[in-house]
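Visitor: Sharing run.cif (mmCIF, C-alpha atoms) below.
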```
data_my_file
#
loop_
_atom_site.label_atom_id
_atom_site.label_comp_id
_atom_site.auth_asym_id
_atom_site.auth_seq_id
_atom_site.Cartn_x
_atom_site.Cartn_y
_atom_site.Cartn_z
CA MET A 12 130.31 107.92 94.17
CA LEU A 13 133.15 107.90 96.68
CA TYR A 14 133.45 106.46 100.17
CA SER A 15 134.06 109.12 102.82
CA PRO A 16 135.40 108.15 106.27
CA LEU A 17 134.35 111.62 107.45
CA LEU A 18 130.73 110.95 106.44
CA SER A 19 130.86 107.60 108.29
CA THR A 20 132.00 109.41 111.44
CA LEU A 21 129.38 112.13 111.09
CA ARG A 22 126.61 109.54 110.72
CA ILE A 23 127.60 106.99 113.37
CA LEU A 24 127.25 109.33 116.34
CA PRO A 25 123.64 110.33 115.54
CA VAL A 26 122.85 106.63 114.94
CA ILE A 27 124.07 105.69 118.43
CA PHE A 28 122.22 108.55 120.12
CA TRP A 29 119.03 107.80 118.17
CA VAL A 30 119.05 104.13 119.22
CA MET A 31 119.69 105.08 122.86
CA PHE A 32 116.81 107.58 122.72
CA CYS A 33 114.18 105.36 121.04
CA LEU A 34 114.72 101.95 122.63
CA PRO A 35 113.82 102.96 126.22
CA LEU A 36 110.67 104.65 124.90
CA HIS A 37 109.76 101.49 122.99
CA MET A 38 110.31 99.34 126.08
CA LEU A 39 108.00 101.56 128.15
CA SER A 40 105.40 101.70 125.42
CA SER A 41 105.37 97.93 124.83
CA TYR A 42 105.12 97.32 128.59
CA PHE A 43 101.89 99.30 128.87
CA PHE A 44 100.52 98.48 125.41
CA LYS A 45 101.03 94.83 124.48
CA ASN A 46 101.33 95.07 120.68
CA ASP A 47 102.45 98.67 120.34
CA PHE A 48 105.12 99.32 117.67
CA LEU A 49 104.96 103.12 117.55
CA PHE A 50 108.45 103.85 118.88
CA TYR A 51 109.93 100.77 117.21
CA ASN A 52 108.72 102.07 113.84
CA ILE A 53 109.99 105.55 114.71
CA LEU A 54 113.39 104.04 115.58
CA PHE A 55 113.67 102.38 112.17
CA LYS A 56 112.38 105.43 110.30
CA GLY A 57 115.15 107.46 111.94
CA LEU A 58 117.82 104.85 111.14
CA VAL A 59 116.72 104.76 107.50
CA LYS A 60 117.14 108.54 107.32
CA LEU A 61 120.49 108.52 109.11
CA PHE A 62 121.83 105.75 106.85
CA GLY A 63 120.89 107.84 103.81
CA ILE A 64 118.28 105.40 102.47
CA LYS A 65 115.32 106.60 100.41
CA VAL A 66 112.53 104.01 100.56
CA LYS A 67 109.88 103.86 97.84
CA VAL A 68 106.94 101.81 99.12
CA SER A 69 104.20 100.50 96.84
CA GLY A 70 101.20 98.27 97.50
CA LYS A 71 98.79 98.03 100.41
CA ILE A 72 100.30 96.92 103.74
CA GLU A 73 98.13 94.52 105.74
CA LYS A 74 97.64 95.44 109.39
CA LYS A 75 96.40 92.33 111.24
CA ASN A 76 96.89 88.56 111.32
CA VAL A 77 99.55 88.50 108.64
CA LEU A 78 102.76 86.61 107.92
CA PHE A 79 104.98 88.89 105.79
CA VAL A 80 107.39 86.99 103.54
CA SER A 81 110.34 88.85 102.00
CA ASN A 82 113.52 88.29 100.03
CA HIS A 83 116.69 89.10 101.95
CA ILE A 84 119.68 91.15 100.78
CA SER A 85 121.19 92.88 103.81
CA TYR A 86 120.86 93.79 107.49
CA LEU A 87 119.48 97.03 106.02
CA ASP A 88 116.30 95.09 105.15
CA ILE A 89 115.50 95.06 108.86
CA PHE A 90 115.60 98.87 109.07
CA ILE A 91 113.61 99.26 105.86
CA LEU A 92 110.80 96.82 106.70
CA GLY A 93 110.78 97.87 110.34
CA SER A 94 110.14 101.48 109.31
CA SER A 95 106.85 100.66 107.56
CA THR A 96 105.60 97.38 109.05
CA LYS A 97 104.18 96.66 112.50
CA ALA A 98 105.51 93.15 112.92
CA ILE A 99 107.99 90.93 114.73
CA PHE A 100 110.98 89.62 112.79
CA VAL A 101 111.73 85.92 112.53
CA ALA A 102 115.53 85.71 112.35
CA LYS A 103 118.30 83.13 112.34
CA SER A 104 119.97 82.59 115.70
CA GLU A 105 123.32 83.95 114.42
CA ILE A 106 121.92 87.49 114.70
CA LYS A 107 122.24 87.18 118.48
CA SER A 108 125.99 87.75 118.00
CA TRP A 109 125.68 90.83 115.76
CA PRO A 110 126.63 94.00 117.68
CA ILE A 111 123.94 96.72 118.06
CA ILE A 112 121.53 94.88 115.75
CA ASN A 113 121.18 92.06 118.31
CA LYS A 114 120.10 94.57 120.96
CA ILE A 115 117.56 96.15 118.63
CA ALA A 116 116.27 92.70 117.65
CA ALA A 117 115.95 91.52 121.24
CA ILE A 118 114.00 94.58 122.37
CA GLY A 119 111.78 94.20 119.32
CA LYS A 120 110.90 90.68 120.56
CA THR A 121 112.46 89.05 117.50
CA ILE A 122 111.84 85.30 117.32
CA PHE A 123 115.15 83.51 116.77
CA VAL A 124 115.18 80.15 115.00
CA GLU A 125 117.79 77.39 114.68
CA ARG A 126 117.55 76.55 110.99
CA SER A 127 120.30 73.92 111.20
CA ARG A 128 118.55 71.84 113.87
CA ALA A 129 115.81 69.88 112.15
CA MET A 130 114.48 68.42 115.41
CA THR A 131 113.50 71.86 116.69
CA ILE A 132 111.54 72.91 113.59
CA LYS A 133 108.24 71.66 114.99
CA ASP A 134 108.72 73.64 118.21
CA GLN A 135 109.75 76.75 116.27
CA VAL A 136 106.69 76.55 114.03
CA GLU A 137 104.52 76.27 117.13
CA VAL A 138 106.10 79.46 118.50
CA LEU A 139 105.29 81.27 115.25
CA SER A 140 101.73 79.94 115.25
CA ASN A 141 101.18 81.10 118.83
CA ALA A 142 102.55 84.55 117.99
CA LEU A 143 100.05 84.94 115.14
CA LYS A 144 97.21 83.66 117.32
CA ASN A 145 98.13 86.24 119.96
CA GLY A 146 97.68 89.07 117.48
CA LYS A 147 101.29 89.62 116.41
CA ASN A 148 102.30 89.98 112.76
CA LEU A 149 105.52 88.26 111.65
CA ILE A 150 108.21 89.00 109.04
CA LEU A 151 109.95 85.94 107.60
CA PHE A 152 113.05 85.75 105.36
CA PRO A 153 112.67 82.20 104.00
CA GLU A 154 115.87 82.24 101.92
CA GLY A 155 117.67 81.57 105.19
CA THR A 156 120.55 83.86 104.22
CA SER A 157 121.20 87.08 102.30
CA SER A 158 122.35 87.48 98.69
CA ASP A 159 123.56 90.21 96.33
CA GLY A 160 119.93 90.91 95.44
CA SER A 161 120.20 90.10 91.72
CA LYS A 162 117.94 87.09 92.18
CA VAL A 163 115.92 85.35 94.88
CA LEU A 164 117.47 82.23 96.43
CA PRO A 165 115.32 79.09 96.91
CA PHE A 166 112.96 79.34 99.88
CA LYS A 167 113.14 76.99 102.84
CA SER A 168 109.55 75.87 103.42
CA SER A 169 109.90 74.47 106.95
CA LEU A 170 108.74 77.63 108.76
CA PHE A 171 105.64 77.84 106.56
CA GLY A 172 104.29 74.79 108.38
CA LEU A 173 101.60 76.65 110.33
CA SER A 174 99.27 73.70 109.77
CA ASP A 175 96.78 74.55 112.52
CA LEU A 176 96.23 78.01 110.99
CA TYR A 177 95.70 76.97 107.36
CA SER A 178 92.01 76.31 107.97
CA ASN A 179 91.41 79.75 109.50
CA ARG A 180 90.48 82.40 106.96
CA LYS A 181 91.48 85.40 109.06
CA PHE A 182 95.24 84.66 108.82
CA LYS A 183 97.02 85.89 105.69
CA ILE A 184 100.37 85.72 103.88
CA GLN A 185 101.71 88.86 102.20
CA PRO A 186 104.82 88.61 99.97
CA ILE A 187 107.25 91.57 99.91
CA SER A 188 109.82 92.31 97.21
CA ILE A 189 112.90 94.39 98.07
CA THR A 190 115.17 95.81 95.35
CA TYR A 191 118.04 98.23 95.92
CA SER A 192 117.83 100.36 92.79
CA LYS A 193 120.25 103.31 93.00
CA ILE A 194 123.28 104.68 94.84
CA ASP A 195 123.85 108.41 94.46
CA GLY A 196 121.40 108.44 91.57
CA VAL A 197 123.34 105.76 89.68
CA PRO A 198 121.47 102.55 88.73
CA VAL A 199 122.80 99.62 90.75
CA GLU A 200 124.75 97.46 88.34
CA ARG A 201 126.53 94.32 89.53
CA LYS A 202 129.77 96.01 90.63
CA PHE A 203 127.84 98.34 92.97
CA ARG A 204 125.75 95.66 94.74
CA PRO A 205 128.32 94.80 97.44
CA PHE A 206 128.02 98.40 98.70
CA PHE A 207 124.58 97.63 100.18
CA ALA A 208 124.19 93.84 99.90
CA TRP A 209 125.73 91.96 102.82
CA PHE A 210 126.40 88.31 102.04
CA GLY A 211 129.00 85.58 102.05
CA ASN A 212 131.93 86.20 104.40
CA MET A 213 131.63 89.99 104.54
CA ASP A 214 132.48 91.51 107.91
CA LEU A 215 129.42 93.24 109.41
CA ILE A 216 131.20 96.14 111.14
CA THR A 217 133.39 96.95 108.12
CA HIS A 218 130.46 96.77 105.71
CA ALA A 219 128.21 98.97 107.87
CA TRP A 220 130.98 101.53 108.38
CA GLN A 221 131.61 101.79 104.65
CA PHE A 222 127.91 102.05 103.86
CA LEU A 223 127.62 104.96 106.29
CA GLY A 224 130.30 106.73 104.26
CA LEU A 225 128.44 106.52 100.95
CA GLY A 226 125.81 108.86 99.54
CA LEU A 227 122.08 108.24 99.15
CA CYS A 228 120.71 104.77 98.45
CA GLU A 229 117.29 104.15 96.87
CA VAL A 230 115.23 101.04 97.64
CA ASN A 231 111.97 99.81 96.13
CA VAL A 232 109.72 97.87 98.51
CA HIS A 233 106.60 96.34 97.00
CA TYR A 234 103.89 94.81 99.21
CA HIS A 235 102.06 92.30 97.04
CA LYS A 236 98.41 91.39 97.42
CA SER A 237 97.84 89.28 100.53
CA VAL A 238 96.41 85.77 100.31
CA PRO A 239 94.45 83.90 103.03
CA LEU A 240 96.40 81.01 104.52
CA ASN A 241 93.53 78.67 103.74
CA PHE A 242 94.15 79.31 100.03
CA PHE A 243 97.06 76.85 100.29
CA ASN A 244 96.97 73.10 100.88
CA SER A 245 100.48 72.79 102.31
CA ARG A 246 103.54 74.70 103.51
CA LYS A 247 105.39 73.87 100.29
CA GLU A 248 102.59 75.30 98.21
CA ALA A 249 102.58 78.50 100.27
CA SER A 250 106.36 78.75 100.07
CA GLN A 251 106.44 78.23 96.29
CA TYR A 252 103.69 80.82 95.74
CA CYS A 253 105.62 83.48 97.67
CA PHE A 254 108.86 82.58 95.89
CA ASN A 255 107.23 82.91 92.47
CA VAL A 256 105.60 86.27 93.25
CA ILE A 257 108.74 87.81 94.76
CA SER A 258 111.10 86.39 92.10
CA GLU A 259 108.96 87.77 89.30
CA GLN A 260 108.91 91.27 90.81
CA VAL A 261 112.66 91.27 91.50
CA GLY A 262 113.26 90.20 87.90
CA VAL A 263 111.09 93.03 86.57
CA ASN A 264 112.84 95.56 88.83
CA PHE A 265 116.28 94.54 87.63
CA LYS A 266 115.23 94.76 83.99
CA ASN A 267 114.17 98.34 84.71
CA ILE A 268 117.52 99.04 86.37
CA GLU A 269 119.37 97.65 83.32
CA CYS A 270 117.26 99.86 81.03
CA GLN A 271 118.05 102.94 83.12
CA GLU A 272 121.73 102.02 83.06
CA LYS A 273 121.73 101.77 79.25
CA ILE A 274 119.91 105.10 78.94
CA LYS A 275 122.45 106.83 81.20
CA LEU A 276 125.33 105.28 79.25
CA TYR A 277 123.78 106.44 75.96
CA GLU A 278 123.29 109.96 77.33
CA PHE A 279 126.92 109.99 78.53
CA LYS A 280 128.18 109.04 75.04
CA LEU A 281 126.18 111.91 73.53
CA LEU A 282 127.90 114.48 75.76
#
```
Would you mind writing the file out in structure tokens?
Guide:
Amino acid sequence: MLYSPLLSTLRILPVIFWVMFCLPLHMLSSYFFKNDFLFYNILFKGLVKLFGIKVKVSGKIEKKNVLFVSNHISYLDIFILGSSTKAIFVAKSEIKSWPIINKIAAIGKTIFVERSRAMTIKDQVEVLSNALKNGKNLILFPEGTSSDGSKVLPFKSSLFGLSDLYSNRKFKIQPISITYSKIDGVPVERKFRPFFAWFGNMDLITHAWQFLGLGLCEVNVHYHKSVPLNFFNSRKEASQYCFNVISEQVGVNFKNIECQEKIKLYEFKLL
């Protein structure tokens, strides 16, 4: 597994042309059809292919009145979930300053939140509630930041406070577990995680450029069974439930990765 600047160059041009081709079509489509995500999903499907990401999806994906809740590892999560899910992302306000991704997010009607301003939480929750009431699905990353993917960080429960919806049975929560499992067919051990995970003080442009120059990446995305919002008595209960479900799946996935790594090492020693 070697980084190739030539491969980065060969991939970046198609990425730019693909974004320029799909976004105007999405804007036209969403203008005439209020909740249409056809071209937005096509955009992300194309980006996933161009970035060399193989996505393995399992579980049934809910279609209506759903709040998707996922762990967060990288900006790549946006492409991956956007390729299979018809929903609006709920993102931290810092994304507004990210080049290219901020344009894609804005056209996709992403809802930006100020997590550091406690006084605006109530207003932000109201925006999310209204979006669900108006027939839009939402994708929430409640960790509030990304990690190396080896474990799930504690969830922030504030944006689960959709109190006026908890009594309505038609609204649902669906947890999603994301695990980056392989790069170039090699199980992702700890030293390989920074190749796809974007966290800490990593520079976005440098990280994305290097990722474009790598081989194929494999990702497991599991959509867990959805649960009606009225199953929970509070936002903290809903938040803890999602955290437990996602953490358990991520733990199982990484045990499988470690087993594959040991098998490959054993096979190598036999050669």
Visitor: Mind pulling up the distance from atom CA of Ala102 of chain A to atom CA of Asp214 of chain A?
Guide: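 Atom CA of Ala102 of chain A lies at a distance of 18.5 Å from atom CA of Asp214 of chain A.
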Visitor: Show me as number ranges by chain the residues that reach within 12 Å of (106.6, 77.9, 117.8), counting only C-alpha atoms and using the file's own coordinates.
Guide: A: 101, 122-125, 131-144, 169-175
Visitor: Write a file of the selected residues as a compact mmCIF listing (two decimals), in the frame of the given file, keeping C-alpha atoms.
Guide:
```
# COMPACT_ATOMS: atom_id res chain seq x y z
CA VAL A 101 111.73 85.92 112.53
CA ILE A 122 111.84 85.30 117.32
CA PHE A 123 115.15 83.51 116.77
CA VAL A 124 115.18 80.15 115.00
CA GLU A 125 117.79 77.39 114.68
CA THR A 131 113.50 71.86 116.69
CA ILE A 132 111.54 72.91 113.59
CA LYS A 133 108.24 71.66 114.99
CA ASP A 134 108.72 73.64 118.21
CA GLN A 135 109.75 76.75 116.27
CA VAL A 136 106.69 76.55 114.03
CA GLU A 137 104.52 76.27 117.13
CA VAL A 138 106.10 79.46 118.50
CA LEU A 139 105.29 81.27 115.25
CA SER A 140 101.73 79.94 115.25
CA ASN A 141 101.18 81.10 118.83
CA ALA A 142 102.55 84.55 117.99
CA LEU A 143 100.05 84.94 115.14
CA LYS A 144 97.21 83.66 117.32
CA SER A 169 109.90 74.47 106.95
CA LEU A 170 108.74 77.63 108.76
CA PHE A 171 105.64 77.84 106.56
CA GLY A 172 104.29 74.79 108.38
CA LEU A 173 101.60 76.65 110.33
CA SER A 174 99.27 73.70 109.77
CA ASP A 175 96.78 74.55 112.52
```
Visitor: Of the candidates A:Trp109, A:Phe222, A:Phe182, A:Phe166, which shows the shortest atom-to-atom distance to Val77 of chain A, using all atoms listed in the file?
Guide: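 For Val77 of chain A, the nearest of the given residues is A:Phe182.
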Visitor: Which residues fall under the PyMOL selection byres ((chain A and resi 59-62) around 12) in this file, as a ChimeraX atom specification?
Guide: /A:18-30,52-58,63-67,86-95,207,219-230
Visitor: Have a look at atom CA of Gly160 of chain A and atom CA of Thr217 of chain A and let me know their distance in Å, one decimal.
Guide: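 Result for atom CA of Gly160 of chain A versus atom CA of Thr217 of chain A: 19.5 Å, one decimal.
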Visitor: Could you expand the PyMOL selection byres ((chain A and resi 75) around 8) into the explicit residues it covers here, written as a list in words?
Guide: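 For this structure, the PyMOL selection byres ((chain A and resi 75) around 8) resolves to Glu73, Lys74, Asn76, Val77, Gly146, Lys147 and Asn148 of chain A.
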Visitor: Could you tell me, as an mmCIF file with C-alpha atoms, in the coordinates of the input, exactly which residues end up selected when the PyMOL selection byres ((chain A and resi 255) around 12) is applied to this structure?
Guide:
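out27.cif was written with the following content:
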```
data_model
loop_
_atom_site.group_PDB
_atom_site.id
_atom_site.type_symbol
_atom_site.label_atom_id
_atom_site.label_comp_id
_atom_site.auth_asym_id
_atom_site.auth_seq_id
_atom_site.Cartn_x
_atom_site.Cartn_y
_atom_site.Cartn_z
ATOM 1 C CA VAL A 80 107.390 86.990 103.540
ATOM 2 C CA SER A 81 110.340 88.850 102.000
ATOM 3 C CA ASN A 82 113.520 88.290 100.030
ATOM 4 C CA LYS A 162 117.940 87.090 92.180
ATOM 5 C CA VAL A 163 115.920 85.350 94.880
ATOM 6 C CA LEU A 164 117.470 82.230 96.430
ATOM 7 C CA PRO A 165 115.320 79.090 96.910
ATOM 8 C CA PHE A 166 112.960 79.340 99.880
ATOM 9 C CA PRO A 186 104.820 88.610 99.970
ATOM 10 C CA ILE A 187 107.250 91.570 99.910
ATOM 11 C CA SER A 188 109.820 92.310 97.210
ATOM 12 C CA HIS A 235 102.060 92.300 97.040
ATOM 13 C CA GLU A 248 102.590 75.300 98.210
ATOM 14 C CA ALA A 249 102.580 78.500 100.270
ATOM 15 C CA SER A 250 106.360 78.750 100.070
ATOM 16 C CA GLN A 251 106.440 78.230 96.290
ATOM 17 C CA TYR A 252 103.690 80.820 95.740
ATOM 18 C CA CYS A 253 105.620 83.480 97.670
ATOM 19 C CA PHE A 254 108.860 82.580 95.890
ATOM 20 C CA VAL A 256 105.600 86.270 93.250
ATOM 21 C CA ILE A 257 108.740 87.810 94.760
ATOM 22 C CA SER A 258 111.100 86.390 92.100
ATOM 23 C CA GLU A 259 108.960 87.770 89.300
ATOM 24 C CA GLN A 260 108.910 91.270 90.810
ATOM 25 C CA VAL A 261 112.660 91.270 91.500
ATOM 26 C CA GLY A 262 113.260 90.200 87.900
#
```
Visitor: Applying 9 Å and all atoms listed in the file, which residues near Arg201 of chain A remain after dropping the ones on its own chain fewer than 2 positions away? List them as number ranges by chain.
Guide: A: 159, 161, 199, 203-205
Visitor: Ranking A:Thr121, A:Asn212, A:Asn264, A:Ser168 by minimum distance to Pro198 of chain A and counting only C-alpha atoms, which one comes first?
Guide: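 Of A:Thr121, A:Asn212, A:Asn264, A:Ser168, the one nearest Pro198 of chain A, counting only C-alpha atoms, is A:Asn264.
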Visitor: Which one is closest to Lys114 of chain A: A:Gln185, A:Met31, A:Ser41, A:Trp209? Count all atoms listed in the file.
Guide: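 Ranked by minimum distance to Lys114 of chain A, first place goes to A:Met31.
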Visitor: Pick out the closest residue to His83 of chain A from this set: A:Gly155, A:Gly70, A:Pro16, A:Pro110. Count all atoms listed in the file.
Guide: A:Gly155
Visitor: Please compute the atom CA of Ile194 of chain A-atom CA of Phe206 of chain A distance, one decimal, in Å.
Guide: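 Computing the Euclidean distance for atom CA of Ile194 of chain A and atom CA of Phe206 of chain A yields 8.8 Å.
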Visitor: From the options A:Val238, A:Phe100, A:Lys247, A:Thr190, which residue's atoms come nearest to Lys167 of chain A, counting only C-alpha atoms?
Guide: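 Among A:Val238, A:Phe100, A:Lys247, A:Thr190, it is A:Lys247 that comes nearest to Lys167 of chain A.
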Visitor: Considering all atoms listed in the file, state which residue in the set A:Lys120, A:Lys103, A:Lys236, A:Arg180 is at the smallest distance from Glu154 of chain A.
Guide: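 The shortest atom-to-atom distance to Glu154 of chain A comes from A:Lys103.
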Visitor: Give me segment 46-66 of chain A from this structure - N, CA, C and O atoms, as a tab-separated table (two decimals), in the first residue's frame.
Guide:
```
chain	number	residue	atom	x	y	z
A	46	ASN	N	-38.73	17.42	-1.85
A	46	ASN	CA	-37.87	16.54	-1.07
A	46	ASN	C	-37.13	15.53	-1.94
A	46	ASN	O	-36.88	14.40	-1.53
A	47	ASP	N	-36.79	15.94	-3.16
A	47	ASP	CA	-36.12	15.02	-4.07
A	47	ASP	C	-34.62	14.96	-3.80
A	47	ASP	O	-33.97	15.99	-3.67
A	48	PHE	N	-34.08	13.74	-3.67
A	48	PHE	CA	-32.65	13.56	-3.40
A	48	PHE	C	-31.98	12.71	-4.47
A	48	PHE	O	-30.86	12.24	-4.28
A	49	LEU	N	-32.65	12.54	-5.61
A	49	LEU	CA	-32.13	11.65	-6.65
A	49	LEU	C	-30.72	12.04	-7.07
A	49	LEU	O	-29.79	11.22	-7.00
A	50	PHE	N	-30.53	13.28	-7.51
A	50	PHE	CA	-29.22	13.68	-8.02
A	50	PHE	C	-28.21	13.88	-6.89
A	50	PHE	O	-27.00	13.75	-7.11
A	51	TYR	N	-28.69	14.19	-5.70
A	51	TYR	CA	-27.79	14.30	-4.55
A	51	TYR	C	-27.21	12.94	-4.22
A	51	TYR	O	-26.02	12.80	-3.97
A	52	ASN	N	-28.06	11.90	-4.23
A	52	ASN	CA	-27.57	10.54	-4.01
A	52	ASN	C	-26.64	10.10	-5.12
A	52	ASN	O	-25.62	9.45	-4.87
A	53	ILE	N	-26.97	10.45	-6.35
A	53	ILE	CA	-26.12	10.11	-7.49
A	53	ILE	C	-24.76	10.79	-7.36
A	53	ILE	O	-23.71	10.20	-7.65
A	54	LEU	N	-24.76	12.04	-6.91
A	54	LEU	CA	-23.51	12.77	-6.68
A	54	LEU	C	-22.61	12.00	-5.72
A	54	LEU	O	-21.42	11.77	-6.00
A	55	PHE	N	-23.16	11.58	-4.58
A	55	PHE	CA	-22.37	10.89	-3.58
A	55	PHE	C	-21.95	9.50	-4.04
A	55	PHE	O	-20.84	9.04	-3.73
A	56	LYS	N	-22.82	8.82	-4.76
A	56	LYS	CA	-22.44	7.50	-5.30
A	56	LYS	C	-21.23	7.63	-6.21
A	56	LYS	O	-20.30	6.80	-6.17
A	57	GLY	N	-21.23	8.68	-7.04
A	57	GLY	CA	-20.09	8.92	-7.93
A	57	GLY	C	-18.83	9.25	-7.17
A	57	GLY	O	-17.74	8.76	-7.49
A	58	LEU	N	-18.95	10.09	-6.12
A	58	LEU	CA	-17.77	10.46	-5.32
A	58	LEU	C	-17.19	9.25	-4.61
A	58	LEU	O	-15.96	9.11	-4.51
A	59	VAL	N	-18.06	8.37	-4.10
A	59	VAL	CA	-17.59	7.16	-3.44
A	59	VAL	C	-16.76	6.31	-4.41
A	59	VAL	O	-15.70	5.79	-4.07
A	60	LYS	N	-17.24	6.19	-5.65
A	60	LYS	CA	-16.52	5.43	-6.66
A	60	LYS	C	-15.18	6.09	-7.00
A	60	LYS	O	-14.14	5.43	-7.09
A	61	LEU	N	-15.22	7.41	-7.20
A	61	LEU	CA	-14.01	8.13	-7.59
A	61	LEU	C	-12.96	8.14	-6.49
A	61	LEU	O	-11.76	8.16	-6.76
A	62	PHE	N	-13.40	8.11	-5.23
A	62	PHE	CA	-12.47	8.08	-4.10
A	62	PHE	C	-11.94	6.67	-3.85
A	62	PHE	O	-11.08	6.46	-3.00
A	63	GLY	N	-12.45	5.69	-4.58
A	63	GLY	CA	-11.98	4.32	-4.42
A	63	GLY	C	-12.49	3.66	-3.16
A	63	GLY	O	-11.77	2.91	-2.50
A	64	ILE	N	-13.77	3.94	-2.80
A	64	ILE	CA	-14.36	3.39	-1.59
A	64	ILE	C	-15.40	2.32	-1.95
A	64	ILE	O	-16.32	2.58	-2.73
A	65	LYS	N	-15.24	1.14	-1.38
A	65	LYS	CA	-16.22	0.08	-1.56
A	65	LYS	C	-17.08	0.02	-0.30
A	65	LYS	O	-16.57	-0.23	0.80
A	66	VAL	N	-18.37	0.28	-0.45
A	66	VAL	CA	-19.28	0.35	0.69
A	66	VAL	C	-20.10	-0.92	0.79
A	66	VAL	O	-20.78	-1.31	-0.16
```
